[in-house]
Amino acid sequence: MSKLKVRQWTGKLLILDFIFTYLIMQSLIMRPAETINCSQPSTESLLNALRGSFFNKTEVRPVLHLTTPTTISVGFAMYAILDVNEKAQILDTFLYVWFSWNIEGLSWDPDECGTDRITLPRKKFWRHDIVINELISDNQAPSSYYLSLDNTGLIEDGLPYHVVSSCNLDIYSFPFDVQNCIYTFSSYKHTKRDIQLSFSEPVEETLRKSLNYMETRGEWELITMLASKPNDSIYFNFDGMDSWDELKYNIVLKRRPTLYVVNLLLPSYFLITVDLFSFLLPPQAVDRSAFKMTLILGYTVFLLLMNDLLPVTGNTIPLINVFFSLCLALMVVSLLETIVITNIMCASSNYTPLPKWIKVLFLHYLARLVCLGKNTSDQNSPTQRNNIPSCSPEEEMTEIKHQEKGTNSLLNFTEQEVKELSMIKEHLLTIRQQVNKHFSRDQKTEEWMRLGEVIDRFIFILYVVFLSVSFCTILIFWFNWYSFQREA
């Protein structure tokens, strides 16, 4: 019998608990209400009327029925572009974001209450949980504690945002790069059934306001904005698959390249051009190799000093880094080529003859490619090139004997004097033969010398082609950079 009574009282308590819970929920939900009445047109009267019906109901959305979604309008203006970190793939900006939504069942007569708008503490009303999905750091901007409420029940809530967001940065065309970053506004917890988002104004108006309010004029420039609303953004939660409402803004930024052109590209072009004109120096001159080594040292120091201006990222290699690497590689190749040619000029007489395939490849085809015709030295004998007449040793001895006879007949020298003169002439003949041998070059030496000339001319043309192509590439990137600005 006692057990039956306990069960009856337990059932009654459960029913009372259900009724109590229902009454609490109904008190939290906004009931359909008429225009609130003010006893007099004063702020105190309006606050008393709001306090009795709408204040401190922050637990649930301000709707008459929980099945009704709350529509929130979102807008913002960009005040500053603080930083773009290519290494960390981060965009750092300062925004002013505003939200607006309606409290169902709330309105008053402006004439009766004395005003059509009032500013109230934010903690008195329900607050949304809309965030920027790309945000990777807390909002460090000053807090705002108030929002505005008008006589139709429309709440307008605006606050500053220091947005440090992730962005996929492509720096291949640095310093003429254009970046496209995304801001995605969505509710953190409420699904599409609870909160629906809309744009508070056209994106063209958002861009115009941002350009007017922009305070910074640093490295980056805001070009344009695009806005879109995906049809369905599906995510997985603890209950399964559900959809959230989202608003996406594409922020298009452009880098101002003047600093990098003046401090990086122009000095590199000057140094590589000076190295190009070093080919006018004789290859066998020691000054040419020393000059090139000095240029390489100076260029290396230049790259070390300017390293902080270059972007560092693991995704792609910037084209400007490839340009600097090729410049340094060409300088090193030209120095090595100068060393090789100097060695050929000084010691080619001790080399073995050129292989046949090198003669065909370098002296025939490559020589024609670099516009080196037939060597004029091949058409002249070594003695003609040095303006020294050649004759055989027997002819020279016969000539000496004839000269001795003529001398004996013309001059009355003693026999001892004639012998001394003959010895002097023999020594002079020996010296003359050594001089002819020193200045004359055989076919083997001529081919090695020809090979050095072809290589020197080829490296020179390679320099000219590289400078021309890189210069045209930079002009094309710069032209596209300006044309993008005009299109925007």
# chains A, B, ... in the order shown; residues from 1 in each chain; ligands from 1

call {"tool": "closest_atom_pairs", "arguments": {"of": "region 31-72 of chain A", "to": "region 240-260 of chain A", "cutoff": "12 Å", "atoms": "only C-alpha atoms", "output": "JSON lines"}}
result
{"residue": "A:Pro69", "atom": "CA", "partner": "A:Asp245", "partner_atom": "CA", "distance": 11.2}
{"residue": "A:Thr70", "atom": "CA", "partner": "A:Asp245", "partner_atom": "CA", "distance": 11.4}
{"residue": "A:Thr71", "atom": "CA", "partner": "A:Asp245", "partner_atom": "CA", "distance": 10.4}
{"residue": "A:Ile72", "atom": "CA", "partner": "A:Asp245", "partner_atom": "CA", "distance": 10.5}

call {"tool": "residues_around", "arguments": {"residues": "Lys189 (chain A)", "least_positions_apart": "3", "cutoff": "10 Å", "atoms": "only C-alpha atoms", "output": "ChimeraX atom specification"}}
result
/A:128-130,186,192,194-195,237,244

call {"tool": "write_last_selection", "arguments": {"atoms": "C-alpha atoms", "output": "mmCIF file, in the first residue's frame"}}
result
data_model
loop_
_atom_site.group_PDB
_atom_site.id
_atom_site.type_symbol
_atom_site.label_atom_id
_atom_site.label_comp_id
_atom_site.auth_asym_id
_atom_site.auth_seq_id
_atom_site.Cartn_x
_atom_site.Cartn_y
_atom_site.Cartn_z
ATOM 1 C CA HIS A 128 24.668 35.723 -31.697
ATOM 2 C CA ASP A 129 27.762 33.523 -32.127
ATOM 3 C CA ILE A 130 28.756 34.575 -35.648
ATOM 4 C CA SER A 186 28.916 31.860 -40.139
ATOM 5 C CA LYS A 192 20.535 26.999 -40.928
ATOM 6 C CA ASP A 194 18.135 28.640 -36.385
ATOM 7 C CA ILE A 195 20.123 31.487 -38.002
ATOM 8 C CA ASN A 237 28.461 17.489 -35.934
ATOM 9 C CA TRP A 244 25.146 26.126 -41.749
#

call {"tool": "atom_distance", "arguments": {"atom1": "CA of Thr216 (chain A)", "atom2": "CA of Asp92 (chain A)"}}
result
12.5 Å

call {"tool": "closest_residue", "arguments": {"among": "A:Ile455, A:Leu303, A:Thr43, A:Thr273", "to": "Glu112 (chain A)", "atoms": "only C-alpha atoms"}}
result
A:Thr43

call {"tool": "closest_residue", "arguments": {"among": "A:Gln140, A:Pro230, A:Asn212, A:Leu264", "to": "Asp308 (chain A)", "atoms": "only C-alpha atoms"}}
result
A:Leu264

call {"tool": "closest_residue", "arguments": {"among": "A:Asn37, A:Gln89, A:Thr67, A:Thr224", "to": "Ser165 (chain A)", "atoms": "only C-alpha atoms"}}
result
A:Gln89

call {"tool": "atom_distance", "arguments": {"atom1": "CA of Leu451 (chain A)", "atom2": "CA of Val469 (chain A)"}}
result
27.0 Å

call {"tool": "select_by_dssp", "arguments": {"residues": "region 25-208 of chain A", "states": "helix (DSSP H, G or I)", "output": "NGL selection string"}}
result
:A and (25-28 or 43-53 or 110-113 or 122-124 or 203-208)

call {"tool": "residues_around", "arguments": {"residues": "Ile474 (chain A)", "least_positions_apart": "6", "cutoff": "10 Å", "atoms": "only C-alpha atoms", "output": "PyMOL selection string"}}
result
chain A and resi 173+175-176+261+265+319-320+480

call {"tool": "residues_around", "arguments": {"residues": "Pro282 (chain A)", "least_positions_apart": "6", "cutoff": "12 Å", "atoms": "only C-alpha atoms", "output": "list of chain:residue names"}}
result
A:Arg288, A:Ser289, A:Thr338, A:Ile341, A:Thr342, A:Met345, A:Gly452, A:Glu453, A:Asp456

call {"tool": "residues_around", "arguments": {"residues": "Asn168 (chain A)", "least_positions_apart": "6", "cutoff": "10 Å", "atoms": "only C-alpha atoms", "output": "NGL selection string"}}
result
:A and (86 or 88-91 or 179-182 or 315)
